[in-house]
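Peer 1: Next comes start_21.cif, mmCIF, C-alpha atoms and all ligand atoms:
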```cif
data_query
loop_
_atom_site.label_atom_id
_atom_site.label_comp_id
_atom_site.auth_asym_id
_atom_site.auth_seq_id
_atom_site.Cartn_x
_atom_site.Cartn_y
_atom_site.Cartn_z
CA MET A 1 -8.46 -15.25 8.70
CA PRO A 2 -10.06 -12.05 7.49
CA ILE A 3 -8.04 -8.91 7.12
CA ALA A 4 -6.64 -7.25 10.23
CA LEU A 5 -6.83 -3.44 10.32
CA TRP A 6 -4.16 -1.39 12.07
CA GLN A 7 -3.76 2.39 12.28
CA PHE A 8 -0.44 4.18 12.57
CA ALA A 9 0.01 6.74 15.36
CA GLN A 10 -2.23 4.76 17.70
CA PRO A 11 -1.21 3.34 21.08
CA LEU A 12 0.63 0.04 20.74
CA ALA A 13 0.66 0.23 16.94
CA ALA A 14 4.39 -0.43 16.97
CA ILE A 15 3.93 -3.94 18.36
CA ALA A 16 1.23 -5.01 15.90
CA PRO A 17 2.18 -7.41 13.08
CA GLY A 18 3.62 -5.79 10.00
CA TYR A 19 4.36 -2.40 11.57
CA ALA A 20 7.95 -2.14 10.34
CA VAL A 21 7.16 -3.33 6.82
CA ALA A 22 4.10 -1.09 6.52
CA ARG A 23 6.10 1.91 7.70
CA GLU A 24 8.78 1.20 5.12
CA LEU A 25 6.13 0.84 2.42
CA ALA A 26 4.90 4.31 3.42
CA ARG A 27 8.42 5.73 3.04
CA ILE A 28 8.79 4.03 -0.35
CA CYS A 29 5.50 5.62 -1.43
CA VAL A 30 6.85 9.04 -0.42
CA GLU A 31 9.89 8.39 -2.59
CA GLN A 32 7.72 7.33 -5.51
CA TYR A 33 5.67 10.50 -5.19
CA GLU A 34 8.83 12.48 -5.87
CA PHE A 35 9.88 10.32 -8.79
CA ASN A 36 6.55 10.10 -10.51
CA ILE A 37 6.13 12.50 -13.39
CA LEU A 38 2.42 12.67 -12.77
CA THR A 39 2.61 14.41 -9.41
CA GLY A 40 0.00 16.99 -8.71
CA PRO A 41 -3.66 16.78 -7.85
CA GLY A 42 -5.77 14.59 -10.06
CA ALA A 43 -3.37 12.12 -11.59
CA GLY A 44 -0.86 9.45 -10.80
CA ILE A 45 0.74 9.04 -7.42
CA ALA A 46 -0.58 12.44 -6.62
CA GLN A 47 -1.38 14.79 -3.81
CA GLY A 48 -5.11 14.46 -4.28
CA SER A 49 -5.13 10.69 -4.35
CA CYS A 50 -4.74 7.85 -1.90
CA TRP A 51 -1.59 5.74 -2.11
CA ALA A 52 -1.15 2.06 -1.35
CA ALA A 53 1.60 -0.52 -1.56
CA VAL A 54 1.76 -4.23 -0.86
CA ALA A 55 4.91 -6.15 -0.02
CA THR A 56 5.58 -8.98 -2.48
CA LEU A 57 8.37 -11.38 -3.14
CA PRO A 58 10.73 -9.88 -5.70
CA GLY A 59 10.05 -10.99 -9.28
CA ALA A 60 10.79 -10.09 -12.88
CA GLY A 61 10.39 -6.33 -13.19
CA PHE A 62 9.84 -6.03 -9.45
CA PRO A 63 13.27 -6.04 -7.82
CA ALA A 64 13.79 -6.02 -4.09
CA GLU A 65 13.25 -2.58 -2.63
CA ARG A 66 15.85 -0.68 -0.65
CA SER A 67 15.13 1.14 2.56
CA VAL A 68 14.51 4.89 2.45
CA THR A 69 16.20 7.16 4.96
CA THR A 70 15.11 10.65 5.87
CA ALA A 71 18.68 11.88 5.94
CA GLY A 72 19.45 10.52 2.48
CA ALA A 73 18.85 12.47 -0.69
CA LEU A 74 16.04 11.51 -3.02
CA GLY A 75 16.92 8.22 -4.62
CA ALA A 76 19.73 7.47 -2.18
CA THR A 77 19.06 3.92 -1.26
CA GLY A 78 19.77 1.99 1.89
CA ALA A 79 19.81 -1.67 2.76
CA VAL A 80 18.29 -4.20 0.39
CA LEU A 81 14.95 -5.37 1.73
CA PRO A 82 13.59 -8.91 1.40
CA TYR A 83 10.54 -7.70 -0.49
CA SER A 84 9.41 -5.70 -3.47
CA ALA A 85 6.61 -3.12 -3.41
CA VAL A 86 3.66 -3.06 -5.79
CA PHE A 87 1.77 0.20 -5.75
CA GLY A 88 -1.85 1.16 -5.96
CA ASN A 89 -3.44 4.56 -6.30
CA SER A 90 -7.01 5.80 -6.17
CA ARG A 91 -6.48 7.75 -9.40
CA MET A 92 -5.26 4.89 -11.53
CA ALA A 93 -8.57 4.81 -13.35
CA SER A 94 -8.14 8.39 -14.50
CA ILE A 95 -4.75 7.82 -16.09
CA ARG A 96 -5.26 4.36 -17.55
CA THR A 97 -5.89 5.63 -21.06
CA ARG A 98 -2.46 7.30 -21.09
CA VAL A 99 -0.37 5.03 -18.93
CA PRO A 100 -0.61 1.26 -19.32
CA ILE A 101 -0.67 -0.24 -15.86
CA PRO A 102 -0.10 -3.99 -15.65
CA GLY A 103 -2.95 -5.63 -13.84
CA LEU A 104 -5.29 -2.66 -13.80
CA VAL A 105 -8.88 -3.56 -14.41
CA ALA A 106 -11.63 -1.50 -15.99
CA ALA A 107 -12.65 1.90 -14.73
CA GLY A 108 -16.16 2.69 -13.60
CA GLY A 109 -18.08 4.36 -10.80
CA PHE A 110 -16.98 4.83 -7.23
CA ASN A 111 -17.15 1.16 -6.42
CA ALA A 112 -15.13 0.14 -9.46
CA VAL A 113 -11.93 -1.59 -8.47
CA SER A 114 -9.71 0.94 -10.19
CA ASN A 115 -10.78 3.78 -7.95
CA HIS A 116 -9.46 2.17 -4.79
CA ALA A 117 -5.76 2.15 -4.06
CA GLU A 118 -5.57 -0.99 -1.95
CA ARG A 119 -7.46 -3.09 -4.50
CA ASN A 120 -5.23 -1.88 -7.32
CA ALA A 121 -2.10 -2.88 -5.42
CA LEU A 122 -3.35 -6.40 -4.73
CA LEU A 123 -4.63 -6.91 -8.27
CA ALA A 124 -1.46 -5.58 -9.87
CA ALA A 125 0.63 -7.91 -7.72
CA ASN A 126 -1.54 -10.89 -8.53
CA ASN A 127 -1.83 -10.13 -12.24
CA ASN A 128 1.94 -9.90 -12.45
CA GLY A 129 2.28 -13.32 -10.89
CA LEU A 130 3.87 -12.08 -7.69
CA ALA A 131 3.46 -13.90 -4.41
CA LEU A 132 3.13 -11.76 -1.33
CA HIS A 133 5.92 -11.33 1.19
CA GLY A 134 5.23 -13.20 4.41
CA LEU A 135 6.44 -11.89 7.74
CA PRO A 136 8.85 -14.14 9.63
CA ILE A 137 6.32 -14.81 12.38
CA PRO A 138 5.62 -18.27 13.78
CA PRO A 139 3.97 -20.64 13.44
CA ALA A 140 5.35 -21.98 10.20
CA GLY A 141 2.65 -22.62 7.64
CA PHE A 142 0.60 -19.54 8.51
CA ALA A 143 1.43 -16.41 6.52
CA HIS A 144 1.14 -12.77 7.54
CA TYR A 145 1.00 -10.36 4.58
CA VAL A 146 1.31 -6.56 4.75
CA LEU A 147 -0.50 -3.84 2.82
CA PHE A 148 -0.15 -0.10 3.38
CA VAL A 149 -2.89 2.30 2.35
CA GLN A 150 -3.10 5.94 3.39
CA LEU A 151 -6.81 6.02 4.20
CA ALA A 152 -8.67 3.28 6.01
CA PRO A 153 -10.44 1.01 3.50
CA CYS A 154 -13.90 2.30 2.63
CA PRO A 155 -16.82 -0.06 3.41
CA HIS A 156 -16.82 -1.32 -0.19
CA CYS A 157 -13.14 -2.16 0.11
CA VAL A 158 -13.54 -3.95 3.42
CA ASN A 159 -16.12 -6.16 1.73
CA TRP A 160 -13.90 -6.61 -1.30
CA LEU A 161 -10.82 -7.41 0.77
CA ASN A 162 -12.72 -10.05 2.72
CA GLY A 163 -14.62 -11.33 -0.32
CA ALA A 164 -14.17 -13.66 -3.26
CA ALA A 165 -12.88 -10.97 -5.66
CA ASN A 166 -9.72 -10.52 -3.64
CA PRO A 167 -6.99 -12.68 -5.21
CA LEU A 168 -6.09 -13.66 -1.65
CA SER A 169 -9.58 -14.90 -0.84
CA ALA A 170 -8.65 -18.57 -0.59
CA ALA A 171 -5.66 -17.82 1.62
CA ILE A 172 -7.31 -15.36 3.99
CA GLY A 173 -10.82 -16.84 3.98
CA PRO A 174 -12.23 -18.82 6.91
CA GLY A 175 -9.81 -21.57 7.82
CA GLY A 176 -7.25 -20.28 5.32
CA PRO A 177 -3.52 -20.26 5.97
CA ALA A 178 -2.94 -16.50 6.01
CA THR A 179 -4.10 -13.10 7.10
CA LEU A 180 -3.60 -9.72 5.48
CA HIS A 181 -2.51 -6.91 7.77
CA VAL A 182 -3.88 -3.66 6.37
CA TRP A 183 -2.11 -0.61 7.76
CA TYR A 184 -3.52 2.88 7.31
CA ARG A 185 -2.78 6.35 8.66
CA TRP A 186 -6.04 8.31 8.43
CA PRO A 187 -9.67 7.33 8.91
CA TYR A 188 -12.00 7.24 5.93
CA PRO A 189 -13.62 9.53 4.94
CA ALA A 190 -12.84 12.00 7.74
CA GLY A 191 -9.09 11.89 7.15
CA GLY A 192 -9.14 12.79 3.46
CA GLY A 193 -8.32 16.44 4.05
CA ALA A 194 -5.46 15.61 6.40
CA MET A 195 -4.07 13.18 3.83
CA TRP A 196 -4.18 15.75 1.01
CA THR A 197 -2.40 18.29 3.19
CA TRP A 198 0.23 15.76 4.23
CA ASN A 199 0.81 14.66 0.64
CA GLY A 200 1.67 18.24 -0.26
CA TRP A 201 4.41 18.49 2.35
CA PRO A 202 8.05 18.40 1.22
CA ARG A 203 9.63 14.95 1.08
CA ALA A 204 11.77 15.50 4.18
CA ASN A 205 8.78 16.58 6.27
CA LYS A 206 6.77 13.54 5.27
CA LEU A 207 9.62 11.15 6.02
CA ALA A 208 10.32 12.87 9.35
CA ASP A 209 6.66 12.58 10.29
CA ILE A 210 6.70 8.87 9.54
CA ASP A 211 9.91 8.49 11.54
CA ASN A 212 8.66 10.41 14.57
CA ASN A 213 4.92 10.00 14.71
CA TRP A 214 3.83 6.86 12.89
ZN ZN A 301 -12.31 1.81 -1.19
#
```
Write out the structure in this file as C-alpha cells.
Ligand SMILES: [Zn+2]

Peer 2:
Amino acid sequence: MPIALWQFAQPLAAIAPGYAVARELARICVEQYEFNILTGPGAGIAQGSCWAAVATLPGAGFPAERSVTTAGALGATGAVLPYSAVFGNSRMASIRTRVPIPGLVAAGGFNAVSNHAERNALLAANNNGLALHGLPIPPAGFAHYVLFVQLAPCPHCVNWLNGAANPLSAAIGPGGPATLHVWYRWPYPAGGGAMWTWNGWPRANKLADIDNNW
C-alpha cells in the first residue's frame, strides 16, 4: 500500500495506526534536540529545521530506545522500547562536510534527498542495514511501519515516498506486504513558522504539549 498520512492534534488521531510510536518518536526527537551540540538555527537537529525519525529494529550502533517522560530530567530514561530510532533532519545537507552521517546522500537543490528530513531518516536506516519496526497489528504477514516528521511531506517527498527511490518501495508498492504510516504535526508549508516557534520552546514545554495536545 502507499504511505498513509496522519496529523497529530486532529480528531480521532489517537486511534490511527502508529499513533503511540509516532508520539514517542516525537518525544525522542525533543530529547535529541537538547543533546545535540549543533542546536540553533541553521544546523543539525536545530530550531530552524524539520526533524524526522523512523522506528527500526535495534541493530549494531542503534540500541533500543527508552521512553521519554516529561517529568524526568534530560537524559533520564524510562522503559526500554522494542524499537530504535533513526533520525532525519532537513539541514543534514548543510552539515555533511563537517559531520559524517552514515547513509546520507549527496547535497543539492531543494529537491535533493538530503534537504528533506523524512527521506534522510529512511535512507539512513536502510543504508545502515536496519529493518523497520512493525506494529503488532493483525493480520500477520502485513507490516505497518511508523515515521514521524514535523511538517507534512512536501509534494516532492510524497512522490519520493511512494516512488522507486524509497528503499521501502517494494514493500509498500501496489500489492506489497506493508504500509508506511507517516505522522506529522504541522501542514507544509503553512506550518513552518509554527514549527520554528515550537522548536524554540524549552524542553518541558515541548514535551508537555506533546503529552496534552498531540
Ligand atoms: Zn520534502

Peer 1: Identify, on the basis of all atoms listed in the file, every residue whose closest approach to Pro187 of chain A does not exceed 9 Å; exclude the query and any residue fewer than 6 positions from it along the same chain; express the result as a list in words.

Peer 2: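 These residues fall inside the cut-off: Gln7, Gln150, Leu151, Ala152 and Pro153 of chain A.
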
Peer 1: Taking all atoms listed in the file into account, list the residues no farther than 10 Å from ligand ZN 301 (chain A), as a PyMOL selection string.

Peer 2: chain A and resi 50+90+110-119+151-161+188-189

Peer 1: Residues of segment 56-172 of chain A that approach segment 209-213 of chain A to 12 Å or less, counting all atoms listed in the file: could you list each one with the shortest pair of atoms and its distance in Å to one decimal, rows by chain and increasing residue number, as a Markdown table?

Peer 2:
```
| residue | atom | partner | partner_atom | distance |
| --- | --- | --- | --- | --- |
| A:Val68 | CA | A:Asp211 | CA | 10.8 |
| A:Thr69 | CA | A:Asp211 | CA | 9.2 |
| A:Thr70 | CA | A:Asp211 | CA | 8.0 |
| A:Ala71 | CA | A:Asp211 | CA | 10.9 |
| A:Gln150 | CA | A:Ile210 | CA | 11.9 |
```

Peer 1: Keeping C-alpha atoms for every residue in the selection just given, could you write it to a file as a compact mmCIF listing (two decimals), in the coordinates of the input?

Peer 2:
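Saved file selection14.txt follows:
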```txt
# COMPACT_ATOMS: atom_id res chain seq x y z
CA VAL A 68 14.51 4.89 2.45
CA THR A 69 16.20 7.16 4.96
CA THR A 70 15.11 10.65 5.87
CA ALA A 71 18.68 11.88 5.94
CA GLN A 150 -3.10 5.94 3.39
```

Peer 1: Near Met195 of chain A, counting only C-alpha atoms, which residues have an atom at most 9 Å away, once you skip same-chain residues fewer than 3 positions from it, shown as an MDAnalysis selection string?

Peer 2: chainID A and resid 47:50 150:151 185:186 191:192 198:200

Peer 1: For segment 73-82 of chain A, work out the shell of residues within 8 Å, counting all atoms listed in the file and skipping chain neighbours fewer than 3 positions away, then give it as a PyMOL selection string.

Peer 2: chain A and resi 31+34+57-58+64-70

Peer 1: Write out, as a PDB file, in the frame of the given file, the residues just selected, with C-alpha atoms.

Peer 2:
```
ATOM      1  CA  GLU A  31       9.890   8.390  -2.590  1.00  0.00           C
ATOM      2  CA  GLU A  34       8.830  12.480  -5.870  1.00  0.00           C
ATOM      3  CA  LEU A  57       8.370 -11.380  -3.140  1.00  0.00           C
ATOM      4  CA  PRO A  58      10.730  -9.880  -5.700  1.00  0.00           C
ATOM      5  CA  ALA A  64      13.790  -6.020  -4.090  1.00  0.00           C
ATOM      6  CA  GLU A  65      13.250  -2.580  -2.630  1.00  0.00           C
ATOM      7  CA  ARG A  66      15.850  -0.680  -0.650  1.00  0.00           C
ATOM      8  CA  SER A  67      15.130   1.140   2.560  1.00  0.00           C
ATOM      9  CA  VAL A  68      14.510   4.890   2.450  1.00  0.00           C
ATOM     10  CA  THR A  69      16.200   7.160   4.960  1.00  0.00           C
ATOM     11  CA  THR A  70      15.110  10.650   5.870  1.00  0.00           C
TER      12      THR A  70
END
```

Peer 1: Go ahead and compute the interatomic distance for atom CA of Leu132 of chain A and atom CA of Thr179 of chain A, in Å to one decimal.

Peer 2: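 Calculated distance between atom CA of Leu132 of chain A and atom CA of Thr179 of chain A is 11.2 Å.
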
Peer 1: In Å, with one decimal, what is the gap from atom CA of Ala13 of chain A to atom CA of Asn126 of chain A?

Peer 2: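 Computed distance, atom CA of Ala13 of chain A to atom CA of Asn126 of chain A, equals 27.9 Å.
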
Peer 1: Report, in Å to a single decimal, how far apart atom CA of Ala164 of chain A and atom CA of Phe8 of chain A are.

Peer 2: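 Separating atom CA of Phe8 of chain A from atom CA of Ala164 of chain A is a distance of 27.5 Å.
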
Peer 1: With all atoms listed in the file as the atoms that count, which of A:Trp183, A:Trp6, A:Trp201, A:Tyr19 lies nearest to Leu147 of chain A?

Peer 2: A:Trp183

Peer 1: Could you tell me which of A:Ala26, A:Ala124, A:Ala53, A:Ala46 comes closest to Arg91 of chain A if we count all atoms listed in the file?

Peer 2: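 Among the listed residues, the smallest separation from Arg91 of chain A belongs to A:Ala46.
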